[in-house]
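Heads up, work-v3.pdb below (PDB, C-alpha atoms):
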ATOM      1  CA  MET A   1      -1.422  -6.752 -26.880
ATOM      2  CA  ASN A   2      -0.370  -4.947 -30.054
ATOM      3  CA  GLU A   3      -0.215  -6.488 -33.507
ATOM      4  CA  SER A   4       3.589  -6.687 -33.744
ATOM      5  CA  GLU A   5       3.629  -8.766 -30.597
ATOM      6  CA  ARG A   6       0.841 -10.973 -31.929
ATOM      7  CA  ILE A   7       2.830 -11.948 -35.047
ATOM      8  CA  ASP A   8       4.848 -14.601 -33.300
ATOM      9  CA  ASP A   9       6.501 -17.922 -33.766
ATOM     10  CA  PRO A  10       5.009 -21.335 -33.004
ATOM     11  CA  LEU A  11       6.614 -21.316 -29.562
ATOM     12  CA  ASP A  12       4.594 -18.222 -28.664
ATOM     13  CA  ALA A  13       1.429 -19.963 -29.786
ATOM     14  CA  LEU A  14       2.397 -23.032 -27.763
ATOM     15  CA  LEU A  15       3.006 -20.919 -24.663
ATOM     16  CA  ARG A  16      -0.355 -19.204 -25.058
ATOM     17  CA  ALA A  17      -2.051 -22.543 -25.571
ATOM     18  CA  SER A  18      -0.438 -23.880 -22.387
ATOM     19  CA  ALA A  19      -2.045 -21.167 -20.263
ATOM     20  CA  PRO A  20      -3.992 -22.661 -17.357
ATOM     21  CA  GLN A  21      -7.750 -22.891 -17.644
ATOM     22  CA  PRO A  22      -9.671 -19.937 -16.148
ATOM     23  CA  LEU A  23     -10.504 -20.523 -12.507
ATOM     24  CA  PRO A  24     -14.168 -20.907 -11.550
ATOM     25  CA  ASP A  25     -15.612 -18.424  -9.077
ATOM     26  CA  ASP A  26     -16.159 -20.979  -6.251
ATOM     27  CA  GLY A  27     -17.587 -18.286  -4.007
ATOM     28  CA  PHE A  28     -14.511 -16.088  -4.379
ATOM     29  CA  VAL A  29     -16.511 -13.039  -5.509
ATOM     30  CA  ALA A  30     -18.946 -13.350  -2.580
ATOM     31  CA  ARG A  31     -16.100 -13.676  -0.069
ATOM     32  CA  THR A  32     -14.277 -10.755  -1.628
ATOM     33  CA  MET A  33     -17.353  -8.518  -1.560
ATOM     34  CA  ALA A  34     -17.880  -9.407   2.116
ATOM     35  CA  ALA A  35     -14.271  -8.322   2.759
ATOM     36  CA  VAL A  36     -14.902  -5.152   0.746
ATOM     37  CA  ASP A  37     -17.940  -4.351   2.943
ATOM     38  CA  GLN A  38     -15.906  -4.954   6.065
ATOM     39  CA  ALA A  39     -13.125  -2.691   4.805
ATOM     40  CA  ALA A  40     -15.622   0.010   3.835
ATOM     41  CA  HIS A  41     -17.117  -0.016   7.330
ATOM     42  CA  ALA A  42     -13.687   0.066   8.928
ATOM     43  CA  LEU A  43     -12.671   3.066   6.833
ATOM     44  CA  PRO A  44     -13.960   5.873   9.130
ATOM     45  CA  ALA A  45     -12.025   4.347  12.006
ATOM     46  CA  GLN A  46      -8.885   4.325   9.862
ATOM     47  CA  ARG A  47      -9.380   7.980   9.018
ATOM     48  CA  ARG A  48      -9.480   9.103  12.663
ATOM     49  CA  ALA A  49      -6.498  11.050  13.902
ATOM     50  CA  THR A  50      -3.695   8.840  14.998
ATOM     51  CA  PRO A  51      -3.984   8.504  18.801
ATOM     52  CA  VAL A  52      -1.108   9.975  20.791
ATOM     53  CA  ALA A  53       1.070   7.307  22.257
ATOM     54  CA  PRO A  54       0.349   6.733  26.007
ATOM     55  CA  LEU A  55       3.923   7.655  26.945
ATOM     56  CA  ALA A  56       3.617  11.024  25.185
ATOM     57  CA  ILE A  57       0.324  11.681  27.024
ATOM     58  CA  ALA A  58       1.930  10.867  30.389
ATOM     59  CA  ARG A  59       4.865  13.185  29.668
ATOM     60  CA  ALA A  60       2.562  16.052  28.672
ATOM     61  CA  LEU A  61       0.434  15.587  31.819
ATOM     62  CA  ALA A  62       3.491  15.533  34.107
ATOM     63  CA  ALA A  63       4.841  18.745  32.540
ATOM     64  CA  GLU A  64       1.464  20.441  32.957
ATOM     65  CA  ASN A  65       1.295  19.379  36.619
ATOM     66  CA  ARG A  66       4.781  20.729  37.260
ATOM     67  CA  ARG A  67       3.826  24.064  35.673
ATOM     68  CA  HIS A  68       0.661  24.303  37.810
ATOM     69  CA  ALA A  69       2.597  23.464  40.984
ATOM     70  CA  ALA A  70       5.245  26.124  40.240
ATOM     71  CA  GLN A  71       2.571  28.762  39.588
ATOM     72  CA  ALA A  72       0.671  27.905  42.778
ATOM     73  CA  ARG A  73       3.922  28.095  44.748
ATOM     74  CA  LEU A  74       4.623  31.528  43.275
ATOM     75  CA  TRP A  75       1.170  32.844  44.231
ATOM     76  CA  ARG A  76       1.512  31.430  47.726
ATOM     77  CA  TRP A  77       4.882  33.198  48.217
ATOM     78  CA  ALA A  78       3.458  36.440  46.838
ATOM     79  CA  ALA A  79       0.468  36.311  49.202
ATOM     80  CA  ALA A  80       2.735  35.399  52.103
ATOM     81  CA  GLY A  81       5.020  38.349  51.230
ATOM     82  CA  MET A  82       2.107  40.804  51.268
ATOM     83  CA  VAL A  83       0.790  39.468  54.559
ATOM     84  CA  ALA A  84       4.300  39.578  56.076
ATOM     85  CA  GLY A  85       4.777  43.170  54.852
ATOM     86  CA  PHE A  86       1.478  44.262  56.386
ATOM     87  CA  VAL A  87       2.285  42.504  59.672
ATOM     88  CA  LEU A  88       5.729  44.171  59.707
ATOM     89  CA  LEU A  89       4.099  47.542  59.080
ATOM     90  CA  VAL A  90       1.608  47.104  61.918
ATOM     91  CA  ALA A  91       4.360  45.822  64.228
ATOM     92  CA  ALA A  92       6.565  48.815  63.419
ATOM     93  CA  VAL A  93       3.708  51.217  64.222
ATOM     94  CA  VAL A  94       2.762  49.457  67.447
ATOM     95  CA  MET A  95       6.299  48.988  68.722
ATOM     96  CA  SER A  96       7.569  52.451  67.825
ATOM     97  CA  PRO A  97       8.611  54.492  70.876
ATOM     98  CA  ASP A  98       6.205  57.285  71.780
ATOM     99  CA  GLY A  99       4.238  56.835  68.511
ATOM    100  CA  SER A 100       6.855  58.371  66.234
ATOM    101  CA  VAL A 101       5.982  55.911  63.430
ATOM    102  CA  THR A 102       2.617  56.611  61.872
ATOM    103  CA  ILE A 103       0.739  55.455  58.811
ATOM    104  CA  ALA A 104       0.046  58.345  56.504
ATOM    105  CA  ALA A 105      -1.521  58.061  53.048
ATOM    106  CA  PRO A 106       1.023  59.437  50.538
ATOM    107  CA  ALA A 107       0.089  61.878  47.841
ATOM    108  CA  PRO A 108      -0.969  60.224  44.497
ATOM    109  CA  GLN A 109       2.201  61.388  42.681
ATOM    110  CA  GLN A 110       4.263  59.406  45.175
ATOM    111  CA  TRP A 111       2.590  56.197  44.019
ATOM    112  CA  TYR A 112       3.773  56.617  40.373
ATOM    113  CA  PRO A 113       7.210  54.916  40.667
ATOM    114  CA  LEU A 114       5.644  51.965  42.473
ATOM    115  CA  CYS A 115       2.849  51.730  39.869
ATOM    116  CA  ALA A 116       5.407  51.839  37.066
ATOM    117  CA  LEU A 117       7.448  49.087  38.753
ATOM    118  CA  ALA A 118       4.310  46.930  39.252
ATOM    119  CA  ALA A 119       3.279  47.445  35.597
ATOM    120  CA  ILE A 120       6.734  46.435  34.363
ATOM    121  CA  GLY A 121       6.627  43.382  36.623
ATOM    122  CA  ALA A 122       3.152  42.412  35.379
ATOM    123  CA  LEU A 123       4.219  42.789  31.740
ATOM    124  CA  TRP A 124       7.299  40.634  32.362
ATOM    125  CA  VAL A 125       5.196  37.881  33.957
ATOM    126  CA  ALA A 126       2.660  38.044  31.125
ATOM    127  CA  TRP A 127       5.413  37.857  28.495
ATOM    128  CA  ARG A 128       6.978  34.865  30.252
ATOM    129  CA  GLU A 129       3.612  33.050  30.339
ATOM    130  CA  LEU A 130       3.029  33.814  26.695
ATOM    131  CA  ARG A 131       6.427  32.403  25.727
ATOM    132  CA  ARG A 132       5.806  29.283  27.793
ATOM    133  CA  ASN A 133       2.514  28.559  26.037
TER     134      ASN A 133
ATOM    135  CA  MET B   1     -15.504 -10.723 -34.869
ATOM    136  CA  LEU B   2     -12.936 -10.970 -32.091
ATOM    137  CA  PHE B   3     -12.133  -7.258 -32.236
ATOM    138  CA  ASP B   4     -15.762  -6.269 -31.828
ATOM    139  CA  GLU B   5     -16.195  -8.702 -28.949
ATOM    140  CA  SER B   6     -13.127  -7.481 -27.054
ATOM    141  CA  THR B   7     -14.114  -3.864 -27.674
ATOM    142  CA  HIS B   8     -17.563  -4.649 -26.323
ATOM    143  CA  VAL B   9     -16.071  -6.282 -23.219
ATOM    144  CA  GLU B  10     -13.728  -3.329 -22.640
ATOM    145  CA  ALA B  11     -16.649  -0.923 -22.993
ATOM    146  CA  GLU B  12     -18.669  -2.981 -20.535
ATOM    147  CA  ILE B  13     -15.792  -2.974 -18.053
ATOM    148  CA  ALA B  14     -15.414   0.798 -18.458
ATOM    149  CA  GLY B  15     -19.110   1.175 -17.637
ATOM    150  CA  TRP B  16     -18.856  -0.995 -14.525
ATOM    151  CA  LEU B  17     -15.726   0.886 -13.498
ATOM    152  CA  ALA B  18     -17.479   4.255 -13.788
ATOM    153  CA  ARG B  19     -20.382   2.993 -11.660
ATOM    154  CA  ALA B  20     -18.065   1.351  -9.132
ATOM    155  CA  ARG B  21     -16.216   4.650  -8.719
ATOM    156  CA  GLN B  22     -19.500   6.179  -7.639
ATOM    157  CA  GLY B  23     -19.777   3.530  -4.932
ATOM    158  CA  ASP B  24     -21.865   0.939  -6.799
ATOM    159  CA  ARG B  25     -20.913  -2.333  -5.116
ATOM    160  CA  HIS B  26     -22.724  -4.473  -7.682
ATOM    161  CA  ALA B  27     -20.698  -2.925 -10.490
ATOM    162  CA  PHE B  28     -17.516  -3.611  -8.531
ATOM    163  CA  ALA B  29     -18.637  -7.209  -7.969
ATOM    164  CA  ARG B  30     -18.909  -7.567 -11.744
ATOM    165  CA  LEU B  31     -15.371  -6.228 -12.121
ATOM    166  CA  VAL B  32     -14.169  -8.735  -9.540
ATOM    167  CA  ARG B  33     -15.972 -11.553 -11.372
ATOM    168  CA  ALA B  34     -14.412 -10.461 -14.679
ATOM    169  CA  HIS B  35     -10.853 -10.322 -13.318
ATOM    170  CA  GLN B  36     -10.776 -12.852 -10.473
ATOM    171  CA  SER B  37      -9.461 -15.729 -12.545
ATOM    172  CA  ARG B  38      -6.428 -13.976 -14.002
ATOM    173  CA  VAL B  39      -5.489 -12.273 -10.721
ATOM    174  CA  ARG B  40      -5.753 -15.569  -8.836
ATOM    175  CA  LEU B  41      -3.758 -17.366 -11.533
ATOM    176  CA  GLN B  42      -1.047 -14.712 -11.355
ATOM    177  CA  LEU B  43      -0.847 -15.022  -7.576
ATOM    178  CA  ARG B  44      -0.872 -18.825  -7.697
ATOM    179  CA  ARG B  45       2.105 -18.615 -10.009
ATOM    180  CA  LEU B  46       3.863 -16.176  -7.677
ATOM    181  CA  ALA B  47       2.998 -18.282  -4.621
ATOM    182  CA  HIS B  48       4.348 -21.425  -6.295
ATOM    183  CA  GLY B  49       0.935 -23.048  -6.464
ATOM    184  CA  ASP B  50      -0.225 -22.248  -2.916
ATOM    185  CA  ALA B  51      -3.898 -21.762  -3.829
ATOM    186  CA  ALA B  52      -5.049 -20.717  -0.341
ATOM    187  CA  LEU B  53      -2.382 -18.025  -0.026
ATOM    188  CA  ALA B  54      -3.027 -16.871  -3.592
ATOM    189  CA  ASP B  55      -6.763 -16.530  -2.927
ATOM    190  CA  ASP B  56      -6.148 -14.599   0.313
ATOM    191  CA  LEU B  57      -3.816 -12.213  -1.504
ATOM    192  CA  ALA B  58      -6.243 -11.918  -4.412
ATOM    193  CA  GLN B  59      -8.998 -10.972  -1.973
ATOM    194  CA  GLU B  60      -6.753  -8.323  -0.427
ATOM    195  CA  THR B  61      -5.900  -7.123  -3.930
ATOM    196  CA  PHE B  62      -9.556  -6.473  -4.741
ATOM    197  CA  VAL B  63     -10.172  -4.830  -1.354
ATOM    198  CA  GLN B  64      -7.226  -2.499  -2.027
ATOM    199  CA  ALA B  65      -8.574  -1.840  -5.503
ATOM    200  CA  TRP B  66     -11.999  -0.931  -4.050
ATOM    201  CA  LEU B  67     -10.475   1.413  -1.472
ATOM    202  CA  HIS B  68      -8.269   3.152  -4.057
ATOM    203  CA  LEU B  69     -10.527   2.956  -7.089
ATOM    204  CA  ASN B  70     -10.482   6.714  -7.478
ATOM    205  CA  ASP B  71      -6.675   6.644  -7.696
ATOM    206  CA  PHE B  72      -6.920   4.572 -10.895
ATOM    207  CA  ARG B  73      -6.279   7.167 -13.585
ATOM    208  CA  GLY B  74      -7.132   4.924 -16.507
ATOM    209  CA  ASP B  75      -3.684   5.292 -18.127
ATOM    210  CA  ALA B  76      -3.459   1.509 -18.274
ATOM    211  CA  ARG B  77      -6.036  -1.256 -18.520
ATOM    212  CA  LEU B  78      -7.802  -2.129 -15.287
ATOM    213  CA  ALA B  79      -6.331  -5.637 -15.542
ATOM    214  CA  THR B  80      -2.795  -4.215 -15.595
ATOM    215  CA  TRP B  81      -3.541  -2.097 -12.534
ATOM    216  CA  LEU B  82      -4.978  -5.095 -10.677
ATOM    217  CA  HIS B  83      -1.993  -7.287 -11.579
ATOM    218  CA  ARG B  84       0.333  -4.571 -10.290
ATOM    219  CA  ILE B  85      -1.574  -4.363  -6.986
ATOM    220  CA  ALA B  86      -1.505  -8.162  -6.743
ATOM    221  CA  LEU B  87       2.260  -8.267  -7.258
ATOM    222  CA  THR B  88       2.749  -5.511  -4.676
ATOM    223  CA  ARG B  89       0.568  -7.395  -2.162
ATOM    224  CA  PHE B  90       2.593 -10.530  -2.795
ATOM    225  CA  LEU B  91       5.898  -8.692  -2.303
ATOM    226  CA  GLN B  92       4.537  -7.143   0.903
ATOM    227  CA  HIS B  93       3.552 -10.601   2.048
ATOM    228  CA  VAL B  94       7.064 -11.937   1.516
ATOM    229  CA  ARG B  95       8.412  -8.627   2.883
ATOM    230  CA  ARG B  96      10.356  -7.675  -0.172
ATOM    231  CA  PRO B  97      10.290  -4.265  -1.871
ATOM    232  CA  GLN B  98      10.897  -5.682  -5.327
ATOM    233  CA  LEU B  99      11.389  -8.917  -7.194
ATOM    234  CA  PRO B 100      14.130 -10.915  -5.427
ATOM    235  CA  VAL B 101      17.562 -11.008  -7.091
ATOM    236  CA  GLU B 102      17.838 -14.763  -6.571
ATOM    237  CA  TRP B 103      14.860 -15.152  -8.869
ATOM    238  CA  ASN B 104      17.318 -14.616 -11.711
ATOM    239  CA  GLU B 105      18.726 -18.057 -10.966
ATOM    240  CA  PRO B 106      17.102 -21.021 -12.695
ATOM    241  CA  ASP B 107      15.110 -23.429 -10.576
ATOM    242  CA  ALA B 108      16.775 -26.750 -11.332
ATOM    243  CA  SER B 109      14.164 -28.857  -9.601
ATOM    244  CA  ASP B 110      11.582 -30.603 -11.702
ATOM    245  CA  ALA B 111      13.106 -29.352 -14.954
ATOM    246  CA  VAL B 112      12.994 -31.373 -18.143
ATOM    247  CA  GLU B 113      16.192 -32.645 -19.640
ATOM    248  CA  PRO B 114      17.286 -30.949 -22.878
ATOM    249  CA  GLY B 115      16.432 -33.114 -25.846
ATOM    250  CA  HIS B 116      13.705 -34.937 -23.972
ATOM    251  CA  ASP B 117      10.799 -35.740 -26.288
ATOM    252  CA  PRO B 118       7.877 -33.869 -24.719
ATOM    253  CA  ARG B 119       5.082 -35.891 -26.257
ATOM    254  CA  ALA B 120       6.716 -39.254 -25.792
ATOM    255  CA  VAL B 121       5.671 -39.560 -22.159
ATOM    256  CA  GLU B 122       3.188 -36.929 -21.105
ATOM    257  CA  GLY B 123       0.985 -34.239 -22.563
ATOM    258  CA  LEU B 124       2.574 -31.260 -24.218
ATOM    259  CA  GLY B 125       1.036 -28.796 -21.784
ATOM    260  CA  ARG B 126       2.581 -30.642 -18.889
ATOM    261  CA  ASP B 127       5.971 -30.606 -20.590
ATOM    262  CA  VAL B 128       5.695 -26.893 -21.213
ATOM    263  CA  GLU B 129       4.950 -26.475 -17.534
ATOM    264  CA  ARG B 130       7.983 -28.540 -16.583
ATOM    265  CA  ALA B 131      10.129 -26.608 -19.039
ATOM    266  CA  LEU B 132       8.940 -23.380 -17.431
ATOM    267  CA  GLN B 133      10.232 -24.695 -14.134
ATOM    268  CA  ALA B 134      13.740 -24.786 -15.611
ATOM    269  CA  LEU B 135      13.692 -21.035 -16.153
ATOM    270  CA  SER B 136      14.764 -18.478 -13.617
ATOM    271  CA  GLU B 137      11.864 -17.065 -11.616
ATOM    272  CA  ILE B 138      12.018 -13.724 -13.383
ATOM    273  CA  GLN B 139      12.086 -15.339 -16.830
ATOM    274  CA  ARG B 140       9.142 -17.527 -15.855
ATOM    275  CA  LEU B 141       7.209 -14.513 -14.633
ATOM    276  CA  ALA B 142       7.939 -12.680 -17.865
ATOM    277  CA  VAL B 143       6.606 -15.630 -19.876
ATOM    278  CA  VAL B 144       3.571 -16.088 -17.642
ATOM    279  CA  HIS B 145       2.612 -12.412 -17.703
ATOM    280  CA  CYS B 146       3.055 -12.088 -21.469
ATOM    281  CA  PHE B 147       1.595 -15.390 -22.632
ATOM    282  CA  HIS B 148      -0.657 -16.738 -19.892
ATOM    283  CA  LEU B 149      -2.094 -13.460 -18.621
ATOM    284  CA  ASP B 150      -2.129 -12.057 -22.154
ATOM    285  CA  LEU B 151      -0.495  -8.758 -21.291
ATOM    286  CA  SER B 152       1.494  -6.787 -23.836
ATOM    287  CA  HIS B 153       5.226  -6.458 -23.244
ATOM    288  CA  ALA B 154       4.736  -2.888 -22.012
ATOM    289  CA  GLU B 155       1.956  -3.959 -19.653
ATOM    290  CA  ALA B 156       3.969  -6.895 -18.302
ATOM    291  CA  ALA B 157       6.964  -4.599 -17.756
ATOM    292  CA  GLN B 158       4.713  -2.183 -15.896
ATOM    293  CA  VAL B 159       3.251  -4.924 -13.713
ATOM    294  CA  LEU B 160       6.649  -6.439 -12.888
ATOM    295  CA  GLY B 161       8.258  -3.040 -12.359
ATOM    296  CA  LEU B 162      10.942  -3.730 -14.951
ATOM    297  CA  PRO B 163      12.185  -1.562 -17.814
ATOM    298  CA  LEU B 164      10.668  -2.704 -21.122
ATOM    299  CA  GLY B 165      14.084  -3.636 -22.563
ATOM    300  CA  THR B 166      14.892  -5.766 -19.520
ATOM    301  CA  LEU B 167      11.601  -7.614 -19.816
ATOM    302  CA  LYS B 168      12.202  -8.270 -23.511
ATOM    303  CA  SER B 169      15.677  -9.614 -22.831
ATOM    304  CA  HIS B 170      14.302 -11.929 -20.117
ATOM    305  CA  LEU B 171      11.668 -13.112 -22.585
ATOM    306  CA  ASP B 172      14.249 -13.725 -25.304
ATOM    307  CA  ARG B 173      16.451 -15.731 -22.959
ATOM    308  CA  ALA B 174      13.438 -17.652 -21.694
ATOM    309  CA  LYS B 175      12.339 -18.559 -25.198
ATOM    310  CA  THR B 176      15.840 -19.632 -26.200
ATOM    311  CA  ARG B 177      15.972 -21.907 -23.155
ATOM    312  CA  LEU B 178      12.470 -23.235 -23.816
ATOM    313  CA  ARG B 179      13.406 -24.045 -27.413
ATOM    314  CA  GLU B 180      16.342 -26.091 -26.105
ATOM    315  CA  LEU B 181      14.187 -27.889 -23.576
ATOM    316  CA  LEU B 182      11.349 -28.523 -25.978
ATOM    317  CA  GLY B 183      13.740 -29.331 -28.829
ATOM    318  CA  ALA B 184      11.919 -32.506 -29.813
ATOM    319  CA  TRP B 185       8.658 -30.658 -30.230
ATOM    320  CA  ASN B 186       7.942 -30.101 -33.925
ATOM    321  CA  PRO B 187       5.508 -27.295 -34.562
ATOM    322  CA  GLU B 188       4.884 -28.376 -38.164
ATOM    323  CA  SER B 189       3.487 -31.744 -37.188
ATOM    324  CA  ASP B 190       1.559 -30.248 -34.313
ATOM    325  CA  THR B 191      -0.682 -28.182 -36.539
TER     326      THR B 191
END
Give the structure from this file in structure tokens form.
Amino acid sequence: MNESERIDDPLDALLRASAPQPLPDDGFVARTMAAVDQAAHALPAQRRATPVAPLAIARALAAENRRHAAQARLWRWAAAGMVAGFVLLVAAVVMSPDGSVTIAAPAPQQWYPLCALAAIGALWVAWRELRRN
Amino acid sequence: MLFDESTHVEAEIAGWLARARQGDRHAFARLVRAHQSRVRLQLRRLAHGDAALADDLAQETFVQAWLHLNDFRGDARLATWLHRIALTRFLQHVRRPQLPVEWNEPDASDAVEPGHDPRAVEGLGRDVERALQALSEIQRLAVVHCFHLDLSHAEAAQVLGLPLGTLKSHLDRAKTRLRELLGAWNPESDT
């Protein structure tokens, strides 16, 4: 307290004199230090990352499952399409009248449009996956 | 020499504080021992004499102080900082962000009648206490923080979260009211 506040009237002195007596320790310091120890030990737990709420975890897992299921379905359809195409090809060769349908390996240049189409398709799928993640 | 003694105490507290900041529990225990009485008295006053609640809150105050000791910048005295934490803990306990507005109203219960001769019946200290009860809560807190906890006006304003001018006006009104209530008290004959 500064000096100007100390120069006071008798009422101020009376109020100061009426201050309650200091409280004895009564084990307060020991109890407080025990609480301090407890708090200090609990501190690392408090500093851990806040756990994600269970509902948020469930939602994330469900979305991931849906994505996996959709991808597996896509691969299954793709494999089925290839198998069906091959079966159709074999059937066309076998059932063609007097063997007019044959399987001939095309020249490499003839594969270029198909390769370009497959590359564009692969890039599109990759871009879509990247955006999703 | 009072000045030398208080300077010595402040220096000792500064030493304990520096060691406590480095994690020295014994130094912090000394700080607790040095400040426990005034923090508990402050909280008992805030808790309207509920000693158990006041002690619980005081304990939490010191735990908070230990956990945030490095946040104490030393702009104010350690006692001021502790009183501020104690008041905040109390307000959290009663779930209020600041001192309640209704605390501006005087507490009529257990107040002394104006003109009542304080020393005629009971001790003067008891009459002062009863006169304090006639003040509004905020006026009483201003008086208690300035005169019982021996804080300067600026420190009390900081602890109570009030502008300095507001605190001084509460103190002035409180003292005017106390003079009315303790009108029969004659300071000349008391000395």
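Distance-wise, atom CA of Thr32 of chain A and atom CA of Val32 of chain B end up 8.2 Å apart.
Set the cut-off at 8 Å, count all atoms listed in the file, and the residues of chain A near chain B turn out to be A:Met1, A:Asn2, A:Glu5, A:Pro10, A:Leu11, A:Asp12, A:Leu15, A:Arg16, A:Ala17, A:Ser18, A:Ala19, A:Pro20, A:Pro22, A:Leu23, A:Pro24, A:Asp25, A:Phe28, A:Val29, A:Arg31, A:Thr32, A:Met33, A:Ala35, A:Val36, A:Ala39, A:Ala40.
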Practice prompt. Extract, using only C-alpha atoms, all DNA, RNA and protein residues at most 12 Å from Leu164 of chain B, discarding same-chain residues fewer than 4 positions from it, and format them as number ranges by chain.
Written response: B: 142, 152-160, 168-171
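Between atom CA of Ala107 of chain A and atom CA of Val90 of chain A the separation is 20.5 Å.
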Padded axis-aligned box of segment 72-79 of chain B (5 Å per side), centre and edge lengths, Å, one decimal, as lines of an AutoDock Vina configuration file:
center_x = -5.6
center_y = 0.8
center_z = -14.7
size_x = 14.3
size_y = 22.8
size_z = 17.6
